[in-house]
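Q: File model02.txt follows (compact mmCIF, C-alpha atoms and all ligand atoms):
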# COMPACT_ATOMS: atom_id res chain seq x y z
CA MET A 275 0.00 0.00 0.00
CA ARG A 276 2.78 2.39 1.01
CA LYS A 277 4.71 1.56 -2.20
CA ILE A 278 1.64 2.25 -4.33
CA LYS A 279 1.21 5.59 -2.57
CA ILE A 280 4.85 6.57 -3.17
CA LEU A 281 4.67 5.50 -6.81
CA SER A 282 1.46 7.41 -7.41
CA THR A 283 2.96 10.48 -5.72
CA ILE A 284 5.99 10.30 -8.01
CA LEU A 285 3.76 9.94 -11.06
CA ILE A 286 1.64 12.90 -9.98
CA VAL A 287 4.75 15.03 -9.42
CA LEU A 288 6.05 14.12 -12.87
CA THR A 289 2.90 14.32 -14.94
CA LEU A 290 0.14 16.32 -13.31
CA GLY A 291 -1.37 18.82 -15.73
CA GLY A 292 1.42 18.07 -18.17
CA GLN A 293 3.84 20.02 -16.00
CA ALA A 294 5.94 19.43 -12.91
CA MET A 295 3.96 20.07 -9.73
CA ALA A 296 5.57 21.09 -6.49
CA GLN A 297 6.20 18.81 -3.52
CA LYS A 298 3.46 18.63 -0.94
CA LEU A 299 3.66 21.67 1.28
CA VAL A 300 3.11 22.51 4.92
CA ILE A 301 1.92 26.10 5.38
CA ALA A 302 2.00 27.31 8.97
CA HIS A 303 -1.43 28.92 9.44
CA ARG A 304 -0.87 32.16 11.36
CA GLY A 305 2.45 30.56 12.42
CA ALA A 306 2.60 27.61 14.81
CA SER A 307 -0.68 28.97 16.14
CA GLY A 308 -1.61 25.71 17.84
CA TYR A 309 1.22 26.38 20.31
CA LEU A 310 1.77 30.15 20.56
CA PRO A 311 -0.53 33.15 20.01
CA GLU A 312 -1.39 33.53 16.32
CA HIS A 313 0.58 35.94 14.16
CA THR A 314 3.22 36.72 16.77
CA LEU A 315 6.87 36.59 15.77
CA GLU A 316 7.33 33.87 18.36
CA ALA A 317 4.70 31.71 16.62
CA LYS A 318 6.45 32.32 13.30
CA ALA A 319 9.88 31.40 14.63
CA MET A 320 8.44 28.22 16.11
CA ALA A 321 6.80 27.32 12.79
CA TYR A 322 10.11 27.90 11.06
CA ALA A 323 11.95 25.64 13.49
CA MET A 324 9.26 22.98 13.07
CA GLY A 325 10.09 22.70 9.38
CA ALA A 326 7.18 24.49 7.71
CA ASP A 327 7.66 25.15 4.00
CA TYR A 328 5.70 28.40 4.07
CA ILE A 329 4.57 30.70 6.87
CA GLU A 330 1.34 32.67 6.54
CA GLN A 331 0.80 36.41 7.11
CA ASP A 332 -2.69 37.92 7.14
CA VAL A 333 -2.12 41.61 6.45
CA VAL A 334 -4.17 44.67 7.39
CA MET A 335 -3.36 48.38 7.34
CA THR A 336 -3.12 50.89 10.18
CA LYS A 337 -4.41 54.47 10.31
CA ASP A 338 -0.94 55.69 9.25
CA ASP A 339 -0.75 53.23 6.32
CA GLN A 340 1.59 50.74 7.96
CA LEU A 341 1.19 47.02 7.27
CA ILE A 342 0.61 44.78 10.26
CA VAL A 343 0.21 41.03 10.51
CA LEU A 344 -3.22 40.45 12.01
CA HIS A 345 -6.01 38.07 11.07
CA ASP A 346 -8.96 40.33 11.84
CA ILE A 347 -9.53 43.92 10.74
CA THR A 348 -10.28 44.43 14.43
CA LEU A 349 -7.87 44.19 17.35
CA ASP A 350 -10.20 43.04 20.09
CA ARG A 351 -10.07 39.24 19.70
CA THR A 352 -6.31 38.95 20.12
CA THR A 353 -5.08 42.00 22.06
CA ASN A 354 -5.82 44.07 25.16
CA VAL A 355 -6.95 47.07 23.07
CA ASP A 356 -10.13 47.34 25.16
CA LEU A 357 -8.07 47.96 28.29
CA LEU A 358 -5.56 50.42 26.81
CA TYR A 359 -7.85 52.44 24.56
CA PRO A 360 -11.44 51.93 25.85
CA GLU A 361 -12.63 55.22 24.34
CA ARG A 362 -11.61 54.19 20.82
CA VAL A 363 -14.41 51.64 20.43
CA ARG A 364 -16.76 52.10 17.47
CA ASP A 365 -20.55 52.03 17.78
CA ASP A 366 -20.55 48.33 16.88
CA GLY A 367 -18.46 47.58 19.95
CA ARG A 368 -15.30 46.75 17.96
CA PHE A 369 -11.81 48.27 17.87
CA TYR A 370 -10.60 48.58 14.26
CA ALA A 371 -6.89 48.40 13.44
CA ILE A 372 -7.45 51.07 10.80
CA ASP A 373 -8.38 53.55 13.58
CA PHE A 374 -4.98 53.19 15.29
CA THR A 375 -1.45 54.24 14.36
CA LEU A 376 1.33 51.68 14.36
CA ALA A 377 2.85 53.36 17.42
CA GLU A 378 -0.43 52.85 19.27
CA ILE A 379 -0.76 49.24 18.14
CA LYS A 380 2.81 48.55 19.28
CA GLN A 381 1.69 49.39 22.84
CA LEU A 382 -0.76 46.47 22.83
CA SER A 383 -0.16 43.01 24.20
CA ALA A 384 -1.04 40.26 21.77
CA SER A 385 -2.64 37.15 23.18
CA GLU A 386 -4.17 33.80 22.42
CA GLY A 387 -7.56 34.48 20.82
CA PHE A 388 -10.63 34.78 23.00
CA ARG A 389 -14.36 35.46 22.86
CA ILE A 390 -16.62 37.20 25.33
CA VAL A 391 -18.91 34.91 27.30
CA ASP A 392 -21.22 36.47 29.91
CA GLY A 393 -19.07 39.58 29.84
CA LEU A 394 -15.84 37.68 30.47
CA LYS A 395 -12.95 36.79 28.14
CA GLU A 396 -12.88 33.07 27.42
CA GLN A 397 -10.00 31.53 25.49
CA SER A 398 -11.27 30.10 22.18
CA TYR A 399 -9.04 27.01 22.21
CA SER A 400 -8.84 26.09 25.88
CA THR A 401 -5.86 23.73 25.59
CA ARG A 402 -3.63 26.20 23.76
CA PHE A 403 -1.16 28.78 25.12
CA PRO A 404 -2.67 30.49 28.19
CA MET A 405 -4.48 33.69 27.24
CA GLY A 406 -2.95 36.92 28.51
CA THR A 407 0.32 35.38 29.75
CA SER A 408 3.92 36.24 28.81
CA SER A 409 4.61 39.14 26.44
CA PHE A 410 3.77 39.31 22.74
CA ARG A 411 3.31 42.11 20.21
CA VAL A 412 1.56 42.66 16.87
CA PRO A 413 4.31 42.56 14.20
CA THR A 414 4.61 44.54 11.00
CA LEU A 415 4.83 42.71 7.69
CA GLN A 416 8.39 43.95 7.30
CA GLU A 417 9.43 42.65 10.74
CA GLU A 418 8.04 39.26 9.88
CA ILE A 419 9.69 39.06 6.47
CA GLU A 420 13.00 40.08 8.08
CA LEU A 421 12.57 37.30 10.65
CA ILE A 422 11.96 34.65 7.99
CA GLN A 423 14.65 35.94 5.63
CA GLY A 424 17.07 36.22 8.55
CA LEU A 425 16.39 32.61 9.50
CA ASN A 426 16.80 31.62 5.86
CA LYS A 427 20.25 33.16 5.99
CA SER A 428 21.29 31.67 9.32
CA THR A 429 19.93 28.18 8.61
CA GLY A 430 20.58 27.93 4.88
CA ARG A 431 16.96 26.92 4.32
CA ASN A 432 14.54 28.76 2.03
CA VAL A 433 11.19 28.99 3.80
CA GLY A 434 8.52 30.92 1.95
CA ILE A 435 5.96 33.51 2.91
CA TYR A 436 2.23 33.37 2.20
CA PRO A 437 0.64 36.82 2.71
CA GLU A 438 -3.10 37.39 2.48
CA ILE A 439 -4.69 40.70 1.48
CA LYS A 440 -7.25 40.90 4.26
CA SER A 441 -10.65 42.48 3.53
CA PRO A 442 -9.46 44.50 0.50
CA GLU A 443 -12.86 46.11 -0.10
CA PHE A 444 -13.00 47.35 3.49
CA HIS A 445 -9.60 48.97 3.01
CA ARG A 446 -10.54 50.49 -0.37
CA GLU A 447 -13.72 51.99 1.12
CA ALA A 448 -11.46 53.63 3.71
CA GLY A 449 -9.26 55.01 0.90
CA LYS A 450 -6.45 52.52 1.40
CA ASP A 451 -4.91 50.37 -1.34
CA LEU A 452 -3.71 47.46 0.77
CA SER A 453 -2.67 45.30 -2.20
CA THR A 454 -0.37 47.90 -3.72
CA ALA A 455 1.27 48.48 -0.34
CA VAL A 456 1.84 44.75 0.16
CA VAL A 457 3.17 44.25 -3.37
CA ASN A 458 5.58 47.15 -2.90
CA VAL A 459 6.94 45.61 0.30
CA LEU A 460 7.29 42.20 -1.35
CA LYS A 461 9.21 43.80 -4.21
CA GLU A 462 11.42 45.71 -1.77
CA TYR A 463 12.30 42.42 -0.05
CA GLY A 464 13.19 40.68 -3.30
CA TYR A 465 10.03 38.77 -4.16
CA THR A 466 9.63 39.60 -7.84
CA SER A 467 9.01 36.41 -9.82
CA LYS A 468 6.91 33.26 -9.77
CA GLN A 469 10.06 31.35 -8.87
CA ASP A 470 10.36 33.22 -5.56
CA LYS A 471 8.98 31.57 -2.46
CA VAL A 472 5.84 33.55 -2.03
CA PHE A 473 2.15 32.95 -2.67
CA LEU A 474 -0.09 36.02 -2.48
CA GLN A 475 -3.65 35.12 -1.47
CA THR A 476 -7.04 36.76 -1.30
CA PHE A 477 -10.68 35.78 -0.79
CA SER A 478 -11.75 38.51 -3.25
CA PHE A 479 -11.85 37.68 -6.96
CA ASP A 480 -12.20 41.40 -7.76
CA GLU A 481 -8.96 42.05 -5.88
CA LEU A 482 -7.22 39.09 -7.53
CA LYS A 483 -8.13 40.63 -10.89
CA ILE A 484 -6.82 44.05 -9.86
CA LEU A 485 -3.58 42.45 -8.64
CA TYR A 486 -3.14 40.47 -11.86
CA GLU A 487 -4.17 43.17 -14.32
CA GLU A 488 -2.98 46.36 -12.65
CA ILE A 489 -0.90 46.19 -9.49
CA LEU A 490 1.66 43.53 -10.42
CA PRO A 491 2.22 44.96 -13.93
CA ALA A 492 2.60 48.46 -12.44
CA ALA A 493 5.27 47.09 -10.09
CA ALA A 494 6.81 45.20 -13.03
CA ILE A 495 6.88 41.93 -11.08
CA GLU A 496 5.10 38.58 -11.26
CA LEU A 497 4.01 36.61 -8.20
CA LYS A 498 2.09 33.39 -7.70
CA LEU A 499 -1.53 34.26 -6.86
CA VAL A 500 -3.92 32.09 -4.87
CA MET A 501 -7.70 32.46 -4.88
CA LEU A 502 -9.19 31.53 -1.52
CA LEU A 503 -12.59 29.84 -1.53
CA GLY A 504 -14.95 29.80 1.41
CA ASP A 505 -17.68 27.23 1.86
CA ASP A 506 -20.30 29.98 1.46
CA GLY A 507 -20.63 29.50 -2.32
CA GLU A 508 -19.67 33.11 -3.04
CA TYR A 509 -18.31 32.37 -6.52
CA PRO A 510 -20.54 29.67 -8.06
CA TRP A 511 -19.00 30.23 -11.53
CA ILE A 512 -15.68 28.85 -10.32
CA PHE A 513 -17.36 25.47 -9.80
CA GLU A 514 -18.96 25.41 -13.24
CA GLU A 515 -17.42 23.39 -16.07
CA ASP A 516 -14.94 26.00 -17.31
CA GLY A 517 -14.66 27.89 -14.01
CA MET A 518 -11.22 26.64 -12.97
CA GLU A 519 -9.88 27.29 -16.45
CA LYS A 520 -11.10 30.90 -16.31
CA LEU A 521 -9.61 31.30 -12.82
CA SER A 522 -6.29 29.81 -13.89
CA VAL A 523 -5.70 32.73 -16.26
CA MET A 524 -4.96 34.78 -13.15
CA ALA A 525 -4.37 32.32 -10.33
CA ASP A 526 -1.64 29.77 -9.80
CA GLY A 527 -3.54 28.02 -7.06
CA VAL A 528 -6.71 27.81 -5.01
CA GLY A 529 -7.02 27.77 -1.24
CA PRO A 530 -10.40 26.22 -0.46
CA SER A 531 -11.98 25.39 2.84
CA HIS A 532 -11.15 21.73 3.32
CA THR A 533 -14.88 21.01 3.28
CA LEU A 534 -14.83 21.81 -0.46
CA VAL A 535 -12.27 19.04 -1.02
CA VAL A 536 -13.73 16.26 1.11
CA ALA A 537 -17.45 16.74 1.68
CA LYS A 538 -18.77 17.26 5.21
CA GLU A 539 -21.24 14.45 4.56
CA SER A 540 -18.37 11.95 4.36
CA SER A 541 -18.21 9.17 6.90
CA LYS A 542 -15.70 6.52 7.80
CA GLY A 543 -15.77 4.11 4.88
CA ASN A 544 -17.51 6.64 2.63
CA ILE A 545 -15.08 9.46 1.95
CA ILE A 546 -16.59 11.81 -0.61
CA VAL A 547 -13.82 13.53 -2.58
CA THR A 548 -15.19 16.41 -4.63
CA GLU A 549 -14.14 17.37 -8.17
CA LEU A 550 -12.28 20.46 -6.96
CA VAL A 551 -8.73 19.11 -6.84
CA ALA A 552 -8.95 17.28 -10.16
CA SER A 553 -10.48 20.35 -11.85
CA ALA A 554 -7.77 22.65 -10.48
CA HIS A 555 -4.96 20.25 -11.36
CA ALA A 556 -6.32 19.82 -14.88
CA VAL A 557 -5.58 23.49 -15.53
CA GLY A 558 -2.24 23.51 -13.68
CA MET A 559 -3.33 25.07 -10.39
CA GLN A 560 -2.15 23.87 -6.99
CA VAL A 561 -4.64 23.27 -4.17
CA HIS A 562 -3.82 24.36 -0.61
CA PRO A 563 -6.89 23.92 1.59
CA TYR A 564 -7.41 25.36 5.09
CA THR A 565 -7.46 24.82 8.08
CA TYR A 566 -6.24 21.55 9.57
CA ARG A 567 -6.38 21.49 13.37
CA LYS A 568 -6.03 18.72 15.88
CA ASP A 569 -7.92 20.45 18.73
CA LYS A 570 -10.93 18.73 20.22
CA GLY A 571 -13.87 18.95 17.84
CA GLN A 572 -11.77 20.17 14.90
CA VAL A 573 -11.09 16.80 13.24
CA PRO A 574 -14.12 15.85 11.11
CA LEU A 575 -15.90 12.70 12.21
CA TYR A 576 -15.01 10.88 8.98
CA ALA A 577 -11.34 10.85 10.08
CA ASN A 578 -9.95 8.79 12.95
CA ASP A 579 -7.56 11.55 14.05
CA TYR A 580 -5.47 14.44 12.71
CA ASN A 581 -3.01 12.16 10.90
CA ASP A 582 -5.86 10.25 9.29
CA LEU A 583 -7.36 13.59 8.20
CA LEU A 584 -4.05 14.53 6.57
CA ASP A 585 -3.81 11.09 4.95
CA ILE A 586 -7.31 11.40 3.45
CA HIS A 587 -6.68 14.89 2.12
CA PHE A 588 -3.10 14.47 0.90
CA PHE A 589 -3.49 11.02 -0.63
CA ASN A 590 -7.19 10.32 -1.29
CA ALA A 591 -7.98 13.84 -2.40
CA ASN A 592 -4.45 14.58 -3.69
CA ILE A 593 -4.10 18.12 -2.39
CA ASP A 594 -0.75 19.90 -2.74
CA GLY A 595 -0.45 21.56 0.65
CA VAL A 596 -2.21 22.26 3.94
CA PHE A 597 -2.73 25.36 6.00
CA THR A 598 -2.36 24.02 9.51
CA ASP A 599 -2.05 25.35 13.06
CA PHE A 600 0.15 22.32 13.83
CA PRO A 601 2.96 22.43 11.25
CA ASP A 602 5.20 20.04 13.21
CA LEU A 603 2.63 17.25 12.97
CA ALA A 604 2.08 17.77 9.24
CA VAL A 605 5.85 17.84 8.60
CA GLU A 606 6.24 14.58 10.55
CA PHE A 607 3.29 13.04 8.74
CA LEU A 608 4.73 13.80 5.30
CA LYS A 609 8.18 12.55 6.35
CA SER A 610 6.64 9.25 7.42
CA GLU A 611 4.95 8.66 4.07
O1 LIG B 701 -5.74 32.07 4.02
C1 LIG B 701 -5.95 30.72 4.24
C2 LIG B 701 -6.63 30.62 5.53
O2 LIG B 701 -5.84 31.32 6.45
C3 LIG B 701 -7.98 31.24 5.37
O3 LIG B 701 -8.60 31.40 6.54
O4 LIG B 701 -9.68 33.05 7.92
O5 LIG B 701 -7.61 31.93 8.71
O6 LIG B 701 -7.50 33.67 6.95
P1 LIG B 701 -8.33 32.57 7.56
CA CA B 702 -5.40 33.66 5.97
Would you give me this structure, written as C-alpha cells?
Ligand code: G3P
Ligand code: CA

A:
Amino acid sequence: MRKIKILSTILIVLTLGGQAMAQKLVIAHRGASGYLPEHTLEAKAMAYAMGADYIEQDVVMTKDDQLIVLHDITLDRTTNVDLLYPERVRDDGRFYAIDFTLAEIKQLSASEGFRIVDGLKEQSYSTRFPMGTSSFRVPTLQEEIELIQGLNKSTGRNVGIYPEIKSPEFHREAGKDLSTAVVNVLKEYGYTSKQDKVFLQTFSFDELKILYEEILPAAAIELKLVMLLGDDGEYPWIFEEDGMEKLSVMADGVGPSHTLVVAKESSKGNIIVTELVASAHAVGMQVHPYTYRKDKGQVPLYANDYNDLLDIHFFNANIDGVFTDFPDLAVEFLKSE
C-alpha cells in the first residue's frame, strides 16, 4: 500500500497537468498557532523551526498606512486594546486596526484568541497557550519578512511567505490600497518572480483581478496568486465546467476550505472527494486547503484523528499543501509517508 502511494505520488509530481507540480507543502497557518498566540513573531519562529515550507501572514493596514500582521480587521479578539484604549471603540463595539497608528498598536499586548462569554474573556481554544500570559506584540509585515529571511540566511533553508490581502474592499472603502502596499513591500524584499517563495492570497476575486491586471504589472513583477474559496458558495461560476480554467488565467492556485475538497457528509468508509482538486490540477493550479487542526472537535468525524485527516486529504484527495495550526505534525506526517 505504502509503495503504491509513493509511486502514485511520483507519477503525480512528474505528470500532473502536463507540467511538474511542487512537492506537498506545509503552510504554517498564522504561524505555529496551535502552540503560541497567532501571528506573533514567536509563533512564526516556532513554525520555522518545526520545518514548515511556508509561513502565513494575514495583512491589514493601520491608520498611518503601515502594514501589520493580524487576522482580523479588528484588534479586540487577540489583544488588550479594550483595556488600553477603551474610548476608541466604534458604535458596533469593535476596535478597528485602521483607527490606530502603528505606534499605538505597538503598545498592545497580543494574546491567544478569545471570545466574550457572559461579559468575560474566554480563550477560544482552551488547551492552547494560556491567554494573557507572557509578552507578545503585533508585528509589522516587514518585521516578519525580516525574521523569515534572517532565519533563511542563518539556517541555509529557504522557507517561503504566504501573505493574504485581508478584507481588500474594506480597506478600499477607507481610501487605502492594501494590495499595492503589500506588493511594494514584497518587491522591496526581493520577491519579484513566480520562482520566488511567495504565494499572495485573497478571498476577493475582484482584488485578484486588480492584482493580476494592474498592481503587479505596475510594479513590473510577477508573483504566484492564490484564490481563496470559502464554503459559502460566493463564486458559483468557479465550480462550473470551465470555471477553474477561467480562474487559472490569473491564479496559480486555489485555497479552499477543506470542506470543499472532502465533503462534510463523508463518513468513515464513505469518503466523498469532490471534483475540486482534479479540476484545479487539470488546468495547472495547486490546491492548498485550510485549516487543519487537531484540537478537540476540529477533526471531522469521517477521520480517525489528525493524521488520518491529513492522509485522506493528501493522498485520497491529492491536495498539494495544507494550512495548519500544527505544522510540526504535518511535517512529521509527510516525512513518514
Ligand atoms: O488564508 C488561508 C486561511 O488562512 C484562510 O482562513 O480566515 O484563517 O485567513 P483565515
Ligand atoms: Ca489567511

Q: May I have the centre and edge lengths, in Å to one decimal, of an axis-aligned box around the listed atoms of range 575-585 of chain A with 5 Å added to every side, as AutoDock Vina command-line options?

A:
--center_x -9.5 --center_y 11.7 --center_z 9.5 --size_x 22.9 --size_y 15.7 --size_z 19.1

Q: Excluding Met320 in chain A and any residue of its chain fewer than 6 positions from it, enumerate the residues within 9 Å of it, using all atoms listed in the file, and give them as a ChimeraX atom specification.

A: /A:305-306,309-310

Q: Could you work out how far CA of Leu608 in chain A lies from CA of Thr314 in chain A, giving the answer in Å with one decimal?

A: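 Computed distance, CA of Thr314 in chain A to CA of Leu608 in chain A, equals 25.7 Å.
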
Q: Between A:His445, A:Lys461, A:Lys395, A:Lys440, which one has atoms that come closest to Phe477 in chain A, using only C-alpha atoms?

A: A:Lys440

Q: Using all atoms listed in the file, what are the residues with an atom within 7 Å of ligand LIG 701 (chain B), set out as a short mmCIF file (atom, residue, chain, number, x, y, z; two decimals) with C-alpha atoms, keeping the file's coordinate frame?

A:
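Output saved as result35.cif:
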data_model
loop_
_atom_site.label_atom_id
_atom_site.label_comp_id
_atom_site.auth_asym_id
_atom_site.auth_seq_id
_atom_site.Cartn_x
_atom_site.Cartn_y
_atom_site.Cartn_z
CA HIS A 303 -1.43 28.92 9.44
CA ASP A 332 -2.69 37.92 7.14
CA HIS A 345 -6.01 38.07 11.07
CA GLU A 438 -3.10 37.39 2.48
CA GLN A 475 -3.65 35.12 -1.47
CA LEU A 502 -9.19 31.53 -1.52
CA GLY A 529 -7.02 27.77 -1.24
CA TYR A 564 -7.41 25.36 5.09
CA THR A 565 -7.46 24.82 8.08
CA PHE A 597 -2.73 25.36 6.00
#

Q: Please report the interatomic distance between CA of Met324 in chain A and CA of Val433 in chain A in Å with one decimal.

A: 11.2 Å

Q: Around the point (-18.8, 31.2, 2.5) (coordinates from the file), which residues reach within 12 Å if we count all atoms listed in the file? Answer as a list in words.

A: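 Final list of nearby residues, as requested, is Phe477, Ser478, Leu502, Leu503, Gly504, Asp505, Asp506, Gly507, Glu508, Tyr509, Pro510, Pro530, Ser531, Thr533 and Leu534 of chain A.
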
Q: Using only C-alpha atoms for the distances, tell me which of A:Lys298, A:Ile372, A:Ala494, A:Glu481 is nearest to Glu611 in chain A.

A: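 The shortest atom-to-atom distance to Glu611 in chain A comes from A:Lys298.
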
Q: State, in Å with one decimal place, the distance from CA of Ser385 in chain A to CA of Arg411 in chain A.

A: 8.3 Å

Q: Looking at A:Asp366, A:Glu549, A:Glu539, A:Glu312, which one is nearest to Pro574 in chain A, with distances taken over all atoms listed in the file?

A: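 So, comparing all the options, the nearest one is A:Glu539.
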
Q: Compile the contact shell of Asp594 in chain A as a list in words: residues with an atom at most 10 Å away, counting only C-alpha atoms, same-chain residues fewer than 2 positions apart removed.

A: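 Here the qualifying residues turn out to be Val287, Met295, Ala296, Gln297, Lys298, Leu299, Val300, Gly527, Val551, His555, Met559, Gln560, Val561, His562, Pro563, His587, Phe588, Phe589, Ala591, Asn592 and Val596 of chain A.
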
Q: So, counting all atoms listed in the file, which residue among A:Tyr399, A:Leu550, A:Ile495, A:Leu584 is closest to Tyr566 in chain A?

A: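 Nearest candidate to Tyr566 in chain A out of A:Tyr399, A:Leu550, A:Ile495, A:Leu584: A:Leu584.
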
Q: Nearest to ligand CA 702 (chain B): which of A:Glu396, A:Asp579, A:Glu330, A:Asp356 is it, counting all atoms listed in the file?

A: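 Of the candidates, the smallest distance to ligand CA 702 (chain B) is held by A:Glu330.
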
Q: My list of candidates is A:Phe607, A:Tyr463, A:Tyr436, A:Trp511. Which is closest to ligand CA 702 (chain B) when distances are computed with all atoms listed in the file?

A: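 Result for the nearest residue to ligand CA 702 (chain B): A:Tyr436.
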
Q: As a list in words, please: the residues near range 519-524 of chain A (cut-off 8 Å, only C-alpha atoms, same-chain neighbours under 4 positions excluded).

A: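 The filter keeps Leu482, Lys483, Tyr486, Leu499, Ile512, Ala554, Val557, Gly558 and Met559 of chain A.
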
Q: Excluding Ala321 in chain A and any residue of its chain fewer than 3 positions from it, enumerate the residues within 12 Å of it, using only C-alpha atoms, and give them as a PyMOL selection string.

A: chain A and resi 300-318+324-330+421-422+425+433-435+597-605

Q: Counting all atoms listed in the file, select every polymer residue within 10 Å of (-8.8, 39.9, 20.1) as defined in the file's coordinates, and provide the selection as a list of chain:residue names.

A: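 The residues that fall inside the cut-off are A:Leu344, A:His345, A:Asp346, A:Thr348, A:Leu349, A:Asp350, A:Arg351, A:Thr352, A:Thr353, A:Asn354, A:Val355, A:Asp356, A:Arg368, A:Phe369, A:Ala384, A:Ser385, A:Glu386, A:Gly387, A:Phe388, A:Arg389, A:Ile390, A:Lys395.
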
Q: Using only C-alpha atoms, which protein or nucleic acid residues come within 10 Å of Leu575 in chain A? Drop anything in the same chain fewer than 6 positions from it, and give the result as a PyMOL selection string.

A: chain A and resi 538-542+583
